[in-house]
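Colleague: Mind having a look at this structure? Questions to follow.
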Amino acid sequence: MSLYPMKLVTIVCEAILEERVVELLRQAGAHGHTAFSVRGSGNQGERHADISETGNVQVEIIAKPAVAEALLKRLHSELFSSYAMVAYESDVRVMRPDKF
Amino acid sequence: MSLYPMKLVTIVCEAILEERVVELLRQAGAHGHTAFSVRGSGNQGERHADISETGNVQVEIIAKPAVAEALLKRLHSELFSSYAMVAYESDVRVMRPDKF
Amino acid sequence: MSLYPMKLVTIVCEAILEERVVELLRQAGAHGHTAFSVRGSGNQGERHADISETGNVQVEIIAKPAVAEALLKRLHSELFSSYAMVAYESDVRVMRPDKF
Amino acid sequence: MDFFSAIQSNLLSPAVLFFVLGIFAAVTKSDLKFPESLYSTLTIYLLIAIGFKGGVAINEAGIGVVWLPAAAAMTLGGLIPLWTYPVLRHFGKFSIADAGAIAAHYGSVSAVTFIAATNFLKSINQPYETYASAFLAVMESPAIIVGVMLGKGALGGKFSLSDQGVRHALRDSVLGKGVLLLIGSMIIGALSGKGGMASVEGFFVMPFQGVLALFLLEMGMVAGRRLGDLKKVGFFLLLFGISAPILHGSAGVLLGHLVGLSTGGATLMGVLSASASYIAAPAAVRLSLPEANPTFSLTAALAITFPFNITFGIPLFHELAKHLHV
Amino acid sequence: MDFFSAIQSNLLSPAVLFFVLGIFAAVTKSDLKFPESLYSTLTIYLLIAIGFKGGVAINEAGIGVVWLPAAAAMTLGGLIPLWTYPVLRHFGKFSIADAGAIAAHYGSVSAVTFIAATNFLKSINQPYETYASAFLAVMESPAIIVGVMLGKGALGGKFSLSDQGVRHALRDSVLGKGVLLLIGSMIIGALSGKGGMASVEGFFVMPFQGVLALFLLEMGMVAGRRLGDLKKVGFFLLLFGISAPILHGSAGVLLGHLVGLSTGGATLMGVLSASASYIAAPAAVRLSLPEANPTFSLTAALAITFPFNITFGIPLFHELAKHLHV
Amino acid sequence: MDFFSAIQSNLLSPAVLFFVLGIFAAVTKSDLKFPESLYSTLTIYLLIAIGFKGGVAINEAGIGVVWLPAAAAMTLGGLIPLWTYPVLRHFGKFSIADAGAIAAHYGSVSAVTFIAATNFLKSINQPYETYASAFLAVMESPAIIVGVMLGKGALGGKFSLSDQGVRHALRDSVLGKGVLLLIGSMIIGALSGKGGMASVEGFFVMPFQGVLALFLLEMGMVAGRRLGDLKKVGFFLLLFGISAPILHGSAGVLLGHLVGLSTGGATLMGVLSASASYIAAPAAVRLSLPEANPTFSLTAALAITFPFNITFGIPLFHELAKHLHV
Ligand SMILES: Nc1ncnc2c1ncn2[C@@H]1O[C@H](COP(=O)(O)O)[C@@H](O)[C@H]1O
Ligand SMILES: Nc1ncnc2c1ncn2[C@@H]1O[C@H](COP(=O)(O)O)[C@@H](O)[C@H]1O
Ligand SMILES: Nc1ncnc2c1ncn2[C@@H]1O[C@H](COP(=O)(O)O)[C@@H](O)[C@H]1O
Ligand code: NA
Ligand code: NA
Ligand code: NA
């Protein structure tokens, strides 16, 4: 069984941004995403999930390196300065590289 | 403090498959798993989580490299072609290697 | 765009411990965290999430290597022996290193 | 009330209107979203409420009265896939798996359609056998089992019980939450009787209609998201989604009449036969017939047959039942 | 009932007391937490219930009676940001974005404040136009649109519809869940009328007051967590959070009186004008004016104006309405 | 109604039957699952409802009547661990931590057992002091504090307040959601009185019994999953799980009688003493006594004592109370 390297981009941001982030990742060339509601804390203080208005969402995207880079760049230039969020990249291996 | 390398296998699939995936990972030799409900999009279109019938589940398994490989192989041969799902592997480090 | 290496520490533990884990990671020097409710299985048997008393929580922390190490050490000495939990570390890359 | 004013009053019931609102919300991509656990909470509530009420009714009517129409209903459910499958295979050109999957959905039943029918009967003051939810309970599984066997190639001798997916699916269709809650609550209702009913009425009876309206709002959103798939399913399935309920519904009304049900009861048996499952069947079929494309069965059941039944089907089967009883 | 005993009975209503309990729970950092989906479930329930009741009332009163006060309410909502914005800019020294954001919140409305006001009127047996929830529905969006335009620099000619955040926000403020549920349920109520009401009353009317109490417990917790931010918002906003509702509320009562509403109806229009949105506006504003600091608008709306209105504001506007009608 | 028909009618109540259905669902590994937030929603609802009703009752009876039996109940709760602990240590051979943990569970109380008892009394038309939920509220914490101190080795002088887990646990057992909701709602009920009750009755009283049935379905599933652990806990704990409630319940009935409660009220004090906590105590004990094996305390409290109490215990303590009052 061969495994192929791919990037995993993880974004944690205000729940309200989910739709915009999904739009943005499509535009950056990603073919899919996974999302779920989370709570947390950071520079902008505590974010409670009992109210979706104050909760966060975690979005995970498997993508080719170039797409991951494009996505991170756009997040940086368009959303980072205005919203509570973090984003990070890591290395993963998949079995069906053409899926991503 | 020493850390020991281990594999993290992440599976995102139709929520309906959770029980089968857990059975399968036990058979592949894993000693535990963590699961939670997610939503997402991919080749098979959008999957909404408001109805568990259309939602996804994310299953994460820490395991020895051999177990991880066995698990991925079985996922590939038994479930990949029939269901909406992705699976990927990555490297992690743990403190109690005999636990996995 | 430059990316900077950082550690991701992931903790899965009894939901009841969330507050203590958050206190502990602050003390270890982390500046933020993300948490969400999960279910799972391991050495201590199955943990169902329909009742928060028997459910688990997954806590993810991006931190500098030294902080990650301190955190793992304290988890090991203070909580590992008494509670159902796992913790692991992995490598990620971020854009704003001073945030963590 | 004549046929057309019955249809009109049915169309203007809060339940149907909330379903329409849900479709509107989905189509306009509104940010309205039901939280993840609300839908399953409502499902649990509706199944318990309906089972419990049926059980209290059985307690009153006596099991001796219930068994014959229940057995008839169960048989009809198990038979429906037997003629549905060949039609889908030969006229619809569906694959073996797809034909079996769709047949399983149409032989099984929809609890919400049943509830909408009882509401309709109540609103026009048509009495019915209140133990009819027993029919609902026994009609859920048989068609799923038959449909899955057909879809697995039983006609070609390829069906085998050792398939893991099949075992999971059969277990779920017999011990699954739908059957468990319905039959369980029915037994509880039968055991605790009128006294038990008096104590839980404020929860399981009084708010029931409103909860149904809320549930249909969510169902509308789910159906609305499937509207786009209507193009994909093709003209044959569209036609099938309307003509199958008319055919099955008429058969159900007739059978109900033959086993001695009243106009109301025969209407309900017709509605049950006409209805297609979109909760129990999809899950069981997905697990055991993964080669079947769920878009076909779910879109037909949820976006065509369900709306047809709750708007026109119910008054239609009632009309039919009335004519048989003259 | 005189003014002070009205205030006292209002303060001792379960709804207000549960709000206080929620603040207490937040301040003492109790481990009480509402599960993630309960809050949105309660929101959906309250919006549907209130919209539906309003629709049934419109069905009875006739749209001919409703349109004039509704149009007046809508206009007032759209105008409020026009004087609020400059005050915040020049006296409060807020940035363009912050001033627009706060103005949007105060022009828009709070459904829960409205409900608390109808409860108050019921408890003192003061009749009111039951179709008043129509005002609530139409007052939500206009101020958000105006406020966002101001906050985007419309006065400096910098506002543009091509901004993605602005488009999302405007769509949400018109098609958002709040407006969709309110207007949708209102139409359903108007179509299904008294007959529809009879069927869903056991869910949407009878448990309503208790559900509100539960909701306010959660609101109290959310407000309680913001109490710490009171220091950050500064004295000007504290003052603004009390004086704006008094001013807007009085304007609303007066306008209600002028368009022919009864004492109860004028009170409600006053309460709506006085209330500040903490659901629809924050989301829309956050998306379209990210430069605005949500701590300012949310703390003011939720931790100052909301508690003021549900404790003192409501009896005050009622008192005013009574005086105008003498 | 004589003793055996009382037991029989209790066994056939919807609440008990739904508990049995839940056990069945767990044991057969049905796919029935309650969504994550339903359980905590039901908990919040039940605690508020019960606290509020108790508060209204206190408002009516006057605090002068309530304080003595409440103080007695509280004292009894705090004393129970003092004799339970040595028994568990010396006859059960449990470790210090385990004995302390189990003692904490059995001194504390179960709200659902209490509710089931009030239902039982209502169903047999036995009047009782409606302010008895005040006893429930004050009995929750003391035993947890005493049990944790014992489990930490207080008898050996090893207990220290600086332990972080202990501090969290003690705070939770005093400010925890259970006590906060019960006492908070009780104060609200006492402040808003009959008028407040009239407004929220449709939510907190009328659907109450049905909500309890739904809750017990879930409790049954949780207990059912623990059935497998019965083998692990050993014969001694099985015996303890039945004899401790009989002993504590009898003591409670007697004490209730001595402080002047009616037959119904003495029954309730007995039931409270007999009940073992499976919500508040487990959480607090887990945090402060991590060395204790939760399988022991939880299995005993949930899978042995709870079922015993809601089936046989309640009628038994009532019988006892009746005899004392002759
Ligand atoms: N160091 C961190 N590790 C994990 N998650 C974080 C971290 N910092 C922030 N977050 C998440 O990102 C959200 C926004 O962060 P911030 O913009 O720093 O307030 C927080 O609410 C957390 O959910
Ligand atoms: N590129 C991706 N990144 C992250 N998650 C994905 C991706 N593609 C698919 N998924 C997840 O896997 C599920 C099934 O994918 P698919 O089989 O492609 O429809 C989706 O609903 C997503 O939750
Ligand atoms: N091998 C594993 N892979 C992923 N998650 C695990 C694994 N083992 C344990 N867990 C998670 O950690 C929790 C506690 O584990 P344990 O202490 O082994 O019972 C489990 O309930 C799972 O959620
Ligand atoms: Na059918
Ligand atoms: Na306003
Ligand atoms: Na006790």
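Residues are named by chain letter and number: chains run A, B, ... in the order of the structure tokens, numbers start at 1 in each chain, and ligands are numbered from 1 in the order shown.
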Please check which protein, DNA or RNA residues sit within 7 Å of ligand 3, counting only C-alpha atoms and all ligand atoms, and write them as a list in words.
Modeller: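 After applying the 7 Å limit, what remains is Ala30, His31, Gly32, His33, Thr34, Glu60, Ile61, Ile62, Ala63 and Phe100 of chain B; Val12, Cys13, Val38, Arg39, Gly40, Ser41, Gly42, Asn43, Gln44, Gly45, Glu46, Arg47, Asn56, Tyr83, Ala84, Met85 and Val86 of chain C.
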Colleague: Excluding Phe52 of chain E and its own-chain neighbours fewer than 6 positions away, which residues fall within 12 Å of it when counting only C-alpha atoms? Please give them as a PyMOL selection string.
Modeller: (chain D and resi 14+17-18+210+213-214) or (chain E and resi 44-46+58-59+130-134+137+181-194+196-198+200-201+203-205)
Colleague: Please report the interatomic distance between atom 1 (Na, counted along the ligand's line) of ligand 5 and atom CA of Glu18 of chain A in Å with one decimal.
Modeller: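 Computing the Euclidean distance for atom 1 (Na, counted along the ligand's line) of ligand 5 and atom CA of Glu18 of chain A yields 28.2 Å.
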Colleague: With a distance cut-off of 10 Å and only C-alpha atoms, select the neighbouring residues of Asn10 of chain E, excluding the residue or stretch itself and same-chain residues fewer than 6 positions from it, and output the selection as a PDB file with N, CA, C and O atoms, in the first residue's frame.
Modeller:
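Produced file out_13.pdb, reproduced below:
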ATOM      1  N   PHE E   4     -45.177  51.998  40.849  1.00  0.00           N
ATOM      2  CA  PHE E   4     -44.163  51.305  41.634  1.00  0.00           C
ATOM      3  C   PHE E   4     -44.533  49.859  41.922  1.00  0.00           C
ATOM      4  O   PHE E   4     -43.682  48.973  41.903  1.00  0.00           O
ATOM      5  N   VAL E  16     -37.808  37.506  34.981  1.00  0.00           N
ATOM      6  CA  VAL E  16     -36.753  38.413  35.444  1.00  0.00           C
ATOM      7  C   VAL E  16     -35.891  37.728  36.505  1.00  0.00           C
ATOM      8  O   VAL E  16     -34.664  37.824  36.490  1.00  0.00           O
ATOM      9  N   LEU E  17     -36.525  36.982  37.402  1.00  0.00           N
ATOM     10  CA  LEU E  17     -35.761  36.315  38.460  1.00  0.00           C
ATOM     11  C   LEU E  17     -34.827  35.251  37.888  1.00  0.00           C
ATOM     12  O   LEU E  17     -33.706  35.078  38.360  1.00  0.00           O
ATOM     13  N   ALA E 116     -41.213  39.825  26.975  1.00  0.00           N
ATOM     14  CA  ALA E 116     -41.313  40.209  28.382  1.00  0.00           C
ATOM     15  C   ALA E 116     -42.351  41.320  28.548  1.00  0.00           C
ATOM     16  O   ALA E 116     -43.105  41.344  29.530  1.00  0.00           O
ATOM     17  N   ALA E 117     -42.420  42.217  27.559  1.00  0.00           N
ATOM     18  CA  ALA E 117     -43.393  43.309  27.640  1.00  0.00           C
ATOM     19  C   ALA E 117     -44.815  42.776  27.509  1.00  0.00           C
ATOM     20  O   ALA E 117     -45.722  43.218  28.233  1.00  0.00           O
ATOM     21  N   ASN E 119     -45.837  39.884  28.379  1.00  0.00           N
ATOM     22  CA  ASN E 119     -46.113  39.233  29.664  1.00  0.00           C
ATOM     23  C   ASN E 119     -46.510  40.244  30.720  1.00  0.00           C
ATOM     24  O   ASN E 119     -47.430  40.026  31.495  1.00  0.00           O
ATOM     25  N   PHE E 120     -45.739  41.322  30.752  1.00  0.00           N
ATOM     26  CA  PHE E 120     -46.040  42.367  31.724  1.00  0.00           C
ATOM     27  C   PHE E 120     -47.459  42.881  31.527  1.00  0.00           C
ATOM     28  O   PHE E 120     -48.234  43.006  32.483  1.00  0.00           O
ATOM     29  N   LEU E 121     -47.805  43.182  30.265  1.00  0.00           N
ATOM     30  CA  LEU E 121     -49.147  43.707  29.991  1.00  0.00           C
ATOM     31  C   LEU E 121     -50.209  42.700  30.408  1.00  0.00           C
ATOM     32  O   LEU E 121     -51.235  43.066  30.994  1.00  0.00           O
ATOM     33  N   SER E 123     -49.935  40.448  32.722  1.00  0.00           N
ATOM     34  CA  SER E 123     -49.990  40.291  34.169  1.00  0.00           C
ATOM     35  C   SER E 123     -50.733  41.443  34.832  1.00  0.00           C
ATOM     36  O   SER E 123     -51.278  41.294  35.919  1.00  0.00           O
ATOM     37  N   ILE E 124     -50.746  42.618  34.191  1.00  0.00           N
ATOM     38  CA  ILE E 124     -51.503  43.732  34.794  1.00  0.00           C
ATOM     39  C   ILE E 124     -52.830  43.921  34.067  1.00  0.00           C
ATOM     40  O   ILE E 124     -53.491  44.956  34.215  1.00  0.00           O
ATOM     41  N   ILE E 310     -36.037  45.186  30.700  1.00  0.00           N
ATOM     42  CA  ILE E 310     -36.953  44.204  31.289  1.00  0.00           C
ATOM     43  C   ILE E 310     -37.260  44.485  32.760  1.00  0.00           C
ATOM     44  O   ILE E 310     -38.188  43.910  33.305  1.00  0.00           O
ATOM     45  N   THR E 311     -36.487  45.325  33.370  1.00  0.00           N
ATOM     46  CA  THR E 311     -36.829  45.652  34.759  1.00  0.00           C
ATOM     47  C   THR E 311     -37.609  46.972  34.857  1.00  0.00           C
ATOM     48  O   THR E 311     -38.767  46.991  35.239  1.00  0.00           O
ATOM     49  N   PHE E 312     -36.943  48.063  34.424  1.00  0.00           N
ATOM     50  CA  PHE E 312     -37.597  49.363  34.582  1.00  0.00           C
ATOM     51  C   PHE E 312     -38.242  49.886  33.308  1.00  0.00           C
ATOM     52  O   PHE E 312     -39.270  50.560  33.353  1.00  0.00           O
ATOM     53  N   ILE E 314     -39.912  48.618  30.734  1.00  0.00           N
ATOM     54  CA  ILE E 314     -41.271  48.209  30.363  1.00  0.00           C
ATOM     55  C   ILE E 314     -42.333  48.944  31.180  1.00  0.00           C
ATOM     56  O   ILE E 314     -43.240  49.567  30.606  1.00  0.00           O
ATOM     57  N   PRO E 315     -42.244  48.915  32.512  1.00  0.00           N
ATOM     58  CA  PRO E 315     -43.255  49.665  33.271  1.00  0.00           C
ATOM     59  C   PRO E 315     -43.225  51.163  32.936  1.00  0.00           C
ATOM     60  O   PRO E 315     -44.280  51.808  32.902  1.00  0.00           O
TER      61      PRO E 315
ATOM     62  N   SER F 192     -41.892  34.545  43.706  1.00  0.00           N
ATOM     63  CA  SER F 192     -42.969  34.868  42.751  1.00  0.00           C
ATOM     64  C   SER F 192     -44.289  34.208  43.116  1.00  0.00           C
ATOM     65  O   SER F 192     -45.344  34.597  42.610  1.00  0.00           O
TER      66      SER F 192
END
Colleague: Please, which residues of chain F lie no more than 7 Å from chain C when the count uses only C-alpha atoms, and can they be set out as a PyMOL selection string?
Modeller: chain F and resi 34-36+39+283+290-291
Colleague: Please check which protein, DNA or RNA residues sit within 6 Å of ligand 4, counting only C-alpha atoms and all ligand atoms, and write them as a ChimeraX atom specification.
Modeller: /D:106-109,272-276
Colleague: One number please: atom CA of Leu302 of chain F to atom CA of Arg225 of chain F, in Å, one decimal.
Modeller: 10.4 Å
Colleague: Go through F:Arg89, F:His248, F:His105, F:Lys177 and flag the residue nearest chain E, using only C-alpha atoms for the distances.
Modeller: F:Lys177
Colleague: With a distance threshold of 6 Å and counting only C-alpha atoms, extract the residues of chain E near chain F and express them as a list in words.
Modeller: Leu12, Ser13, Pro14, Ser30, Asp31, Leu32, Pro35, Met206, Pro207, Gln209 and Gly210 of chain E
Colleague: Can you spit out the residues from that selection as an mmCIF file, in the first residue's frame, using N, CA, C and O atoms?
Modeller:
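To be explicit, this is the file written out as part_33.cif:
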data_model
loop_
_atom_site.group_PDB
_atom_site.id
_atom_site.type_symbol
_atom_site.label_atom_id
_atom_site.label_comp_id
_atom_site.auth_asym_id
_atom_site.auth_seq_id
_atom_site.Cartn_x
_atom_site.Cartn_y
_atom_site.Cartn_z
ATOM 1 N N LEU E 12 -40.439 40.757 40.239
ATOM 2 C CA LEU E 12 -40.630 39.462 40.879
ATOM 3 C C LEU E 12 -41.243 38.434 39.940
ATOM 4 O O LEU E 12 -41.695 37.376 40.379
ATOM 5 N N SER E 13 -41.296 38.729 38.640
ATOM 6 C CA SER E 13 -41.812 37.724 37.705
ATOM 7 C C SER E 13 -40.752 36.641 37.520
ATOM 8 O O SER E 13 -39.556 36.922 37.570
ATOM 9 N N PRO E 14 -41.170 35.389 37.326
ATOM 10 C CA PRO E 14 -40.187 34.312 37.157
ATOM 11 C C PRO E 14 -39.167 34.649 36.071
ATOM 12 O O PRO E 14 -37.971 34.394 36.248
ATOM 13 N N SER E 30 -20.249 29.092 38.370
ATOM 14 C CA SER E 30 -20.857 27.776 38.604
ATOM 15 C C SER E 30 -20.617 26.885 37.393
ATOM 16 O O SER E 30 -20.361 27.358 36.294
ATOM 17 N N ASP E 31 -20.685 25.570 37.608
ATOM 18 C CA ASP E 31 -20.485 24.667 36.471
ATOM 19 C C ASP E 31 -21.759 24.467 35.663
ATOM 20 O O ASP E 31 -21.806 23.622 34.778
ATOM 21 N N LEU E 32 -22.793 25.252 35.969
ATOM 22 C CA LEU E 32 -24.018 25.170 35.159
ATOM 23 C C LEU E 32 -23.715 25.626 33.739
ATOM 24 O O LEU E 32 -23.210 26.715 33.515
ATOM 25 N N PRO E 35 -26.527 23.016 27.361
ATOM 26 C CA PRO E 35 -25.941 22.260 26.249
ATOM 27 C C PRO E 35 -26.025 23.083 24.963
ATOM 28 O O PRO E 35 -26.896 23.936 24.811
ATOM 29 N N MET E 206 -49.293 27.339 25.595
ATOM 30 C CA MET E 206 -49.331 26.996 27.009
ATOM 31 C C MET E 206 -47.976 26.945 27.701
ATOM 32 O O MET E 206 -47.828 27.462 28.801
ATOM 33 N N PRO E 207 -46.975 26.328 27.119
ATOM 34 C CA PRO E 207 -45.696 26.284 27.855
ATOM 35 C C PRO E 207 -44.850 27.545 27.648
ATOM 36 O O PRO E 207 -43.758 27.644 28.193
ATOM 37 N N GLN E 209 -44.609 30.756 28.568
ATOM 38 C CA GLN E 209 -44.028 31.561 29.654
ATOM 39 C C GLN E 209 -42.873 30.828 30.343
ATOM 40 O O GLN E 209 -41.867 31.422 30.703
ATOM 41 N N GLY E 210 -43.063 29.548 30.527
ATOM 42 C CA GLY E 210 -42.013 28.780 31.181
ATOM 43 C C GLY E 210 -40.776 28.669 30.311
ATOM 44 O O GLY E 210 -39.641 28.747 30.796
#
Colleague: When you look at Val92 of chain C with a cut-off of 12 Å (counting only C-alpha atoms), what residues show up, excluding the ones that are within fewer than 5 positions of it in the same chain? I need them as a list in words.
Modeller: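 After dropping sequence-adjacent residues, the list is Lys7, Leu8, Val9, Thr10, Ala87, Tyr88, Glu89, Ser90, Asp91 and Val92 of chain A; Ser90, Asp91 and Val92 of chain B; Leu3, Tyr4, Pro5, Met6, Lys7, Leu8, Val9, Ile61, Ile62, Ala63, Lys64, Pro65 and Pro97 of chain C.
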Colleague: For chain C, which residue out of A:Arg96, A:Ile11, A:Met1, A:Leu25 is the nearest one, using only C-alpha atoms?
Modeller: A:Ile11
Colleague: Identify, on the basis of only C-alpha atoms, every residue whose closest approach to Ile23 of chain F does not exceed 9 Å; exclude the query and any residue fewer than 4 positions from it along the same chain; express the result as a PDB file with N, CA, C and O atoms, in the first residue's frame.
Modeller:
ATOM      1  N   PHE F  18     -40.677   2.885  31.435  1.00  0.00           N
ATOM      2  CA  PHE F  18     -39.708   3.462  30.492  1.00  0.00           C
ATOM      3  C   PHE F  18     -38.270   3.191  30.953  1.00  0.00           C
ATOM      4  O   PHE F  18     -37.377   3.002  30.145  1.00  0.00           O
ATOM      5  N   PHE F  19     -38.079   3.173  32.265  1.00  0.00           N
ATOM      6  CA  PHE F  19     -36.763   2.800  32.780  1.00  0.00           C
ATOM      7  C   PHE F  19     -36.406   1.382  32.326  1.00  0.00           C
ATOM      8  O   PHE F  19     -35.287   1.123  31.850  1.00  0.00           O
ATOM      9  N   VAL F  27     -29.196  -3.335  26.865  1.00  0.00           N
ATOM     10  CA  VAL F  27     -28.765  -4.729  26.931  1.00  0.00           C
ATOM     11  C   VAL F  27     -28.773  -5.360  25.534  1.00  0.00           C
ATOM     12  O   VAL F  27     -27.896  -6.149  25.189  1.00  0.00           O
ATOM     13  N   THR F  28     -29.773  -4.999  24.722  1.00  0.00           N
ATOM     14  CA  THR F  28     -29.835  -5.558  23.361  1.00  0.00           C
ATOM     15  C   THR F  28     -28.954  -4.781  22.397  1.00  0.00           C
ATOM     16  O   THR F  28     -28.984  -5.031  21.201  1.00  0.00           O
ATOM     17  N   LEU F 217     -36.177   6.797  30.604  1.00  0.00           N
ATOM     18  CA  LEU F 217     -35.754   5.960  29.481  1.00  0.00           C
ATOM     19  C   LEU F 217     -34.232   6.065  29.319  1.00  0.00           C
ATOM     20  O   LEU F 217     -33.525   5.056  29.191  1.00  0.00           O
ATOM     21  N   GLU F 218     -33.725   7.284  29.359  1.00  0.00           N
ATOM     22  CA  GLU F 218     -32.288   7.487  29.245  1.00  0.00           C
ATOM     23  C   GLU F 218     -31.545   6.906  30.449  1.00  0.00           C
ATOM     24  O   GLU F 218     -30.516   6.257  30.311  1.00  0.00           O
ATOM     25  N   MET F 219     -32.095   7.140  31.653  1.00  0.00           N
ATOM     26  CA  MET F 219     -31.467   6.568  32.859  1.00  0.00           C
ATOM     27  C   MET F 219     -31.384   5.052  32.739  1.00  0.00           C
ATOM     28  O   MET F 219     -30.415   4.436  33.189  1.00  0.00           O
ATOM     29  N   GLY F 220     -32.436   4.462  32.187  1.00  0.00           N
ATOM     30  CA  GLY F 220     -32.431   3.015  32.012  1.00  0.00           C
ATOM     31  C   GLY F 220     -31.296   2.581  31.105  1.00  0.00           C
ATOM     32  O   GLY F 220     -30.611   1.581  31.369  1.00  0.00           O
ATOM     33  N   MET F 221     -31.061   3.359  30.040  1.00  0.00           N
ATOM     34  CA  MET F 221     -29.962   3.003  29.143  1.00  0.00           C
ATOM     35  C   MET F 221     -28.625   3.094  29.870  1.00  0.00           C
ATOM     36  O   MET F 221     -27.759   2.230  29.727  1.00  0.00           O
ATOM     37  N   VAL F 222     -28.462   4.165  30.660  1.00  0.00           N
ATOM     38  CA  VAL F 222     -27.207   4.328  31.388  1.00  0.00           C
ATOM     39  C   VAL F 222     -27.031   3.204  32.410  1.00  0.00           C
ATOM     40  O   VAL F 222     -25.956   2.616  32.526  1.00  0.00           O
ATOM     41  N   ALA F 223     -28.109   2.878  33.123  1.00  0.00           N
ATOM     42  CA  ALA F 223     -28.034   1.797  34.102  1.00  0.00           C
ATOM     43  C   ALA F 223     -27.784   0.465  33.389  1.00  0.00           C
ATOM     44  O   ALA F 223     -26.990  -0.356  33.861  1.00  0.00           O
ATOM     45  N   GLY F 224     -28.442   0.278  32.261  1.00  0.00           N
ATOM     46  CA  GLY F 224     -28.296  -0.979  31.518  1.00  0.00           C
ATOM     47  C   GLY F 224     -26.859  -1.242  31.095  1.00  0.00           C
ATOM     48  O   GLY F 224     -26.376  -2.377  31.128  1.00  0.00           O
ATOM     49  N   ARG F 225     -26.164  -0.170  30.705  1.00  0.00           N
ATOM     50  CA  ARG F 225     -24.760  -0.336  30.328  1.00  0.00           C
ATOM     51  C   ARG F 225     -23.902  -0.764  31.504  1.00  0.00           C
ATOM     52  O   ARG F 225     -22.808  -1.294  31.333  1.00  0.00           O
ATOM     53  N   LEU F 227     -24.968  -2.831  33.853  1.00  0.00           N
ATOM     54  CA  LEU F 227     -25.363  -4.143  34.376  1.00  0.00           C
ATOM     55  C   LEU F 227     -24.193  -5.115  34.335  1.00  0.00           C
ATOM     56  O   LEU F 227     -24.014  -5.918  35.246  1.00  0.00           O
TER      57      LEU F 227
END
Colleague: Could you tell me how far atom CA of Asp98 of chain F sits from atom CA of Asn293 of chain F, in Å to one decimal place?
Modeller: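 Distance between the two atoms: 6.4 Å.
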Colleague: Running DSSP on the backbone, which parts of segment 60-301 of chain F land in helix (DSSP H, G or I), as a count of residues only?
Modeller: 200
